[in-house]
Amino acid sequence: MNNSQPTKEDMFEQLLKNSPIYVFFKDDKARAIQLSSNFEKMLGKPIQELLGKTMDELFPSDLSKSMIADDLRVLNEGVPVAVKEELNGRFYATTKFPILEKGRASYLAGYTIDITEQKRIEDGLRIKDSAIESSINALAISDMKGYLGYVNSAFLKLWGYATPTEVLGKSATEFWQMEDKALEIMDELRVHGGWVGELSAVGKNGKLFIVLVSASTVKDIGGNPIRMLASFIDITERKRMEEELQKAQKLEALGLLAGGIAHDFNNLMGGIFGYIDLANCEPDKRRSSEYLSKAINTIDRARALTQQLLTFAKGGAPIQQIGNLFPFVEETSKFALSGANVSCNFDIPKDLWACNFDKNQIGQVIDNLIINAQQAMPVGGAIELTARNITLAEKEHPLLAKGNYVKISVKDAGVGIPKEHISKIFDPFFTTKAKGHGLGLATCYSIINRHGGCIDVESEPGKGSSFHVYLPASMETASSSQKKSVKTHKGSGTFLVMDDEEVMRDAVGDMLETLGYSVVSKENGKEAVDFFASETNANRKITGMIFDLTVPGGMGGKAAIEEIRKLNKDIPAFVASGYADDPVMKKPAEHGFTASICKPFRKVEVSEMLNKYMKAKK
């Protein structure tokens, strides 16, 4: 067994051959006399071609000049030198030191380490730190309990602080208007690792502003969250501009709506004035009666338009009654197409289920759908209206509960609806018509929704559209669809009428007088109460009364009847209003009234109400 130790020469040779770092020796002229093997790869030449060469023979001139200067310093001053160098895009750290003989530096030695990767990491971190600090976005880092450990300059500026010491160590919840919301978000971060949204922030001076927040967690090597990082962008001005834009759009939409309503009403009023004027000048009683009948029909259309607007503006709770949809829907469709170059074909089964519906409101829906279908076919054609009994299973329809429905479909062969508009057609004020006000389909949607149903639409540009109306079916017996002729009411005595509009007082008074009553009219509830009290004290009987529900700036019908019921609990009292969904109108008995009647109303409706609730004169 050979137990001999390697010689120093052998160890030195192995060092030069296998060293992972670059080892070199130079003479007193700074020429290479010994080099580790890895210099071959660095410089691209065999070691034997490198030895004895000066630095300017081995390296580029800029680098060789600095290397020679460093070498001479080591040799002349006898001191070590540490430098950083760059060659061919790589970075090195070099340490040189003298080898002394008799107190004089005769040689120098050294080693070079490739620090390229380390420098890149350091530079990357330096760039990252600089980017974070100089970011225009406010940035903050906290521990998992929400206590701030770092904020950048943008954060301080946005919240109005001068130095980080005013902020660091504080809980993140102190910087938000809603502390509970901030706690909720931090819980979301802990569980899910991220959160994006808008929050209202509170600056140092108490000023409120809105920021867009993007937050996430930073995890350790084991995947455990250890920090929370959040970025904040001030969107206060953007939100303000959005709100102003929305206001402007709403004003523009309201202007379009007002213009559309005014246009429709002007047309209707033109017809009403025209027919009444013709009736007034017509000596033939039969022709005069025809003109007046047309005027009344036009007024009915105006009333429907008013009710459509009220339905949209006030909610329009339906006044429902179980009944058959047909022939009512068919009659409404035909009326809507009067004089048009479009016809309507009907496919209605005889066993169609009854529904619990508001006849006026469903009439509005059918009228709008038929008119839309007609306008979609400017060159004419035929509308297909079908009705079917439908039973839906659980989750069969995305918006409807399981149960029985009547499905009414209105199909046209018109221009169709572009895909980008399909999702907007039921939005208030959205319209593609030059003179439309964007209220029709929004009202349809509102009405059907309040009936517990829904509207679906299918459309393909160039091939037409189909609207499907689903109404909950009723298994109860429908009331007769044939309207019974109303027997004209005849009464006597004094009727008290209260309304703030003179035209209404006169019209209602004239109706009641034709039914046999004498009429006393008052402008507001206080006058009506005072008159009733004086008549009661004088033992003069009032037969009945009709009060307007609301009187702007004065006592309305609700307050007036409360006072009158203190004097008389039995006198028939009726409330009138255009708002059918008002609680007093829906349940008049609960508020002291005998019944309610919706404005505008005709004499036949007044007669029918009085027949039901008052004794007729024999």
# chains A, B, ... in the order shown; residues from 1 in each chain; ligands from 1
>>> residues_around(residues="stretch 558-562 of chain A", least_positions_apart="6", cutoff="7 Å", atoms="only C-alpha atoms", output="CSV table (one decimal) with N, CA and C atoms, in the first residue's frame")
chain,number,residue,atom,x,y,z
A,525,GLY,N,-109.4,69.1,0.7
A,525,GLY,CA,-110.0,68.3,1.8
A,525,GLY,C,-110.5,69.2,2.9
A,526,LYS,N,-109.8,70.2,3.3
A,526,LYS,CA,-110.3,71.0,4.4
A,526,LYS,C,-111.6,71.7,4.1
A,529,VAL,N,-114.3,69.0,4.4
A,529,VAL,CA,-114.5,68.6,5.8
A,529,VAL,C,-115.4,69.7,6.5
A,549,LEU,N,-107.6,61.7,-4.2
A,549,LEU,CA,-106.7,61.1,-3.2
A,549,LEU,C,-105.6,62.1,-2.8
A,592,GLY,N,-110.9,53.9,5.3
A,592,GLY,CA,-112.1,54.7,5.5
A,592,GLY,C,-113.0,55.0,4.3
>>> residues_around(residues="stretch 24-39 of chain A", least_positions_apart="2", cutoff="7 Å", atoms="only C-alpha atoms", output="ChimeraX atom specification")
/A:16-17,19,22,41-43,47,51-55,68,71,75,106-111
>>> write_last_selection(atoms="N, CA and C atoms", output="PDB file, in the first residue's frame")
ATOM      1  N   LEU A  16      -4.690  24.115 -10.139  1.00  0.00           N
ATOM      2  CA  LEU A  16      -4.815  24.848 -11.393  1.00  0.00           C
ATOM      3  C   LEU A  16      -5.702  24.114 -12.398  1.00  0.00           C
ATOM      4  N   LYS A  17      -5.697  22.819 -12.362  1.00  0.00           N
ATOM      5  CA  LYS A  17      -6.460  22.030 -13.327  1.00  0.00           C
ATOM      6  C   LYS A  17      -7.955  21.989 -13.007  1.00  0.00           C
ATOM      7  N   SER A  19      -9.724  23.914 -10.407  1.00  0.00           N
ATOM      8  CA  SER A  19     -10.328  25.017  -9.638  1.00  0.00           C
ATOM      9  C   SER A  19     -11.593  25.552 -10.323  1.00  0.00           C
ATOM     10  N   TYR A  22     -11.100  31.192 -11.143  1.00  0.00           N
ATOM     11  CA  TYR A  22      -9.950  31.467 -12.011  1.00  0.00           C
ATOM     12  C   TYR A  22      -8.758  31.867 -11.129  1.00  0.00           C
ATOM     13  N   LYS A  41     -11.246  28.297 -21.487  1.00  0.00           N
ATOM     14  CA  LYS A  41     -12.637  28.528 -21.937  1.00  0.00           C
ATOM     15  C   LYS A  41     -12.952  30.017 -21.957  1.00  0.00           C
ATOM     16  N   MET A  42     -12.439  30.749 -20.952  1.00  0.00           N
ATOM     17  CA  MET A  42     -12.731  32.185 -20.880  1.00  0.00           C
ATOM     18  C   MET A  42     -12.168  32.917 -22.093  1.00  0.00           C
ATOM     19  N   LEU A  43     -10.900  32.588 -22.437  1.00  0.00           N
ATOM     20  CA  LEU A  43     -10.213  33.351 -23.476  1.00  0.00           C
ATOM     21  C   LEU A  43     -10.176  32.629 -24.827  1.00  0.00           C
ATOM     22  N   ILE A  47      -3.803  26.968 -22.788  1.00  0.00           N
ATOM     23  CA  ILE A  47      -3.036  27.632 -21.741  1.00  0.00           C
ATOM     24  C   ILE A  47      -1.643  28.008 -22.231  1.00  0.00           C
ATOM     25  N   LEU A  51       0.349  31.809 -21.637  1.00  0.00           N
ATOM     26  CA  LEU A  51       1.455  32.069 -20.715  1.00  0.00           C
ATOM     27  C   LEU A  51       2.493  32.984 -21.360  1.00  0.00           C
ATOM     28  N   GLY A  52       3.012  33.896 -20.537  1.00  0.00           N
ATOM     29  CA  GLY A  52       4.028  34.848 -20.993  1.00  0.00           C
ATOM     30  C   GLY A  52       3.465  36.060 -21.672  1.00  0.00           C
ATOM     31  N   LYS A  53       2.158  36.102 -21.837  1.00  0.00           N
ATOM     32  CA  LYS A  53       1.513  37.228 -22.510  1.00  0.00           C
ATOM     33  C   LYS A  53       1.193  38.335 -21.511  1.00  0.00           C
ATOM     34  N   THR A  54       1.256  39.551 -22.026  1.00  0.00           N
ATOM     35  CA  THR A  54       0.832  40.697 -21.215  1.00  0.00           C
ATOM     36  C   THR A  54      -0.682  40.819 -21.301  1.00  0.00           C
ATOM     37  N   MET A  55      -1.230  41.631 -20.406  1.00  0.00           N
ATOM     38  CA  MET A  55      -2.686  41.745 -20.344  1.00  0.00           C
ATOM     39  C   MET A  55      -3.268  42.378 -21.603  1.00  0.00           C
ATOM     40  N   ILE A  68      -3.771  46.259 -15.943  1.00  0.00           N
ATOM     41  CA  ILE A  68      -2.338  46.569 -15.792  1.00  0.00           C
ATOM     42  C   ILE A  68      -2.124  47.579 -14.674  1.00  0.00           C
ATOM     43  N   ASP A  71      -2.459  45.769 -11.464  1.00  0.00           N
ATOM     44  CA  ASP A  71      -1.305  44.887 -11.244  1.00  0.00           C
ATOM     45  C   ASP A  71      -0.099  45.697 -10.761  1.00  0.00           C
ATOM     46  N   LEU A  75       2.146  45.410  -7.302  1.00  0.00           N
ATOM     47  CA  LEU A  75       3.578  45.167  -7.339  1.00  0.00           C
ATOM     48  C   LEU A  75       4.376  46.318  -6.717  1.00  0.00           C
ATOM     49  N   SER A 106       7.910  40.533  -5.891  1.00  0.00           N
ATOM     50  CA  SER A 106       8.499  40.051  -7.144  1.00  0.00           C
ATOM     51  C   SER A 106       7.434  39.467  -8.074  1.00  0.00           C
ATOM     52  N   TYR A 107       6.373  38.987  -7.531  1.00  0.00           N
ATOM     53  CA  TYR A 107       5.274  38.367  -8.280  1.00  0.00           C
ATOM     54  C   TYR A 107       3.928  38.839  -7.665  1.00  0.00           C
ATOM     55  N   LEU A 108       2.870  38.532  -8.374  1.00  0.00           N
ATOM     56  CA  LEU A 108       1.522  38.719  -7.784  1.00  0.00           C
ATOM     57  C   LEU A 108       0.685  37.494  -8.110  1.00  0.00           C
ATOM     58  N   ALA A 109      -0.260  37.233  -7.259  1.00  0.00           N
ATOM     59  CA  ALA A 109      -1.203  36.119  -7.458  1.00  0.00           C
ATOM     60  C   ALA A 109      -2.618  36.642  -7.236  1.00  0.00           C
ATOM     61  N   GLY A 110      -3.564  35.849  -7.685  1.00  0.00           N
ATOM     62  CA  GLY A 110      -4.948  36.277  -7.479  1.00  0.00           C
ATOM     63  C   GLY A 110      -5.958  35.247  -7.947  1.00  0.00           C
ATOM     64  N   TYR A 111      -7.188  35.573  -7.747  1.00  0.00           N
ATOM     65  CA  TYR A 111      -8.269  34.690  -8.203  1.00  0.00           C
ATOM     66  C   TYR A 111      -9.449  35.550  -8.662  1.00  0.00           C
TER      67      TYR A 111
END
>>> select_by_dssp(residues="stretch 289-482 of chain A", states="alpha helix (DSSP H)", output="ChimeraX atom specification")
/A:289-314,328-336,359-375,419-422,440-450
>>> closest_residue(among="A:Asn389, A:Asn449, A:Thr514, A:Ser465", to="A:Val415", atoms="only C-alpha atoms")
A:Ser465
>>> residues_around(residues="A:Ile210", least_positions_apart="5", cutoff="6 Å", atoms="only C-alpha atoms", output="MDAnalysis selection string")
chainID A and resid 199:201 235:236
>>> residues_around(residues="A:Ile348", least_positions_apart="2", cutoff="12 Å", atoms="only C-alpha atoms", output="MDAnalysis selection string")
chainID A and resid 324:327 329:330 345:346 350:353 384:389 406:409
>>> residues_around(residues="A:Gly544", least_positions_apart="6", cutoff="7 Å", atoms="only C-alpha atoms", output="PyMOL selection string")
chain A and resi 495-496+571-573
>>> atom_distance(atom1="atom CA of A:Val196", atom2="atom CA of A:Asn224")
20.8 Å
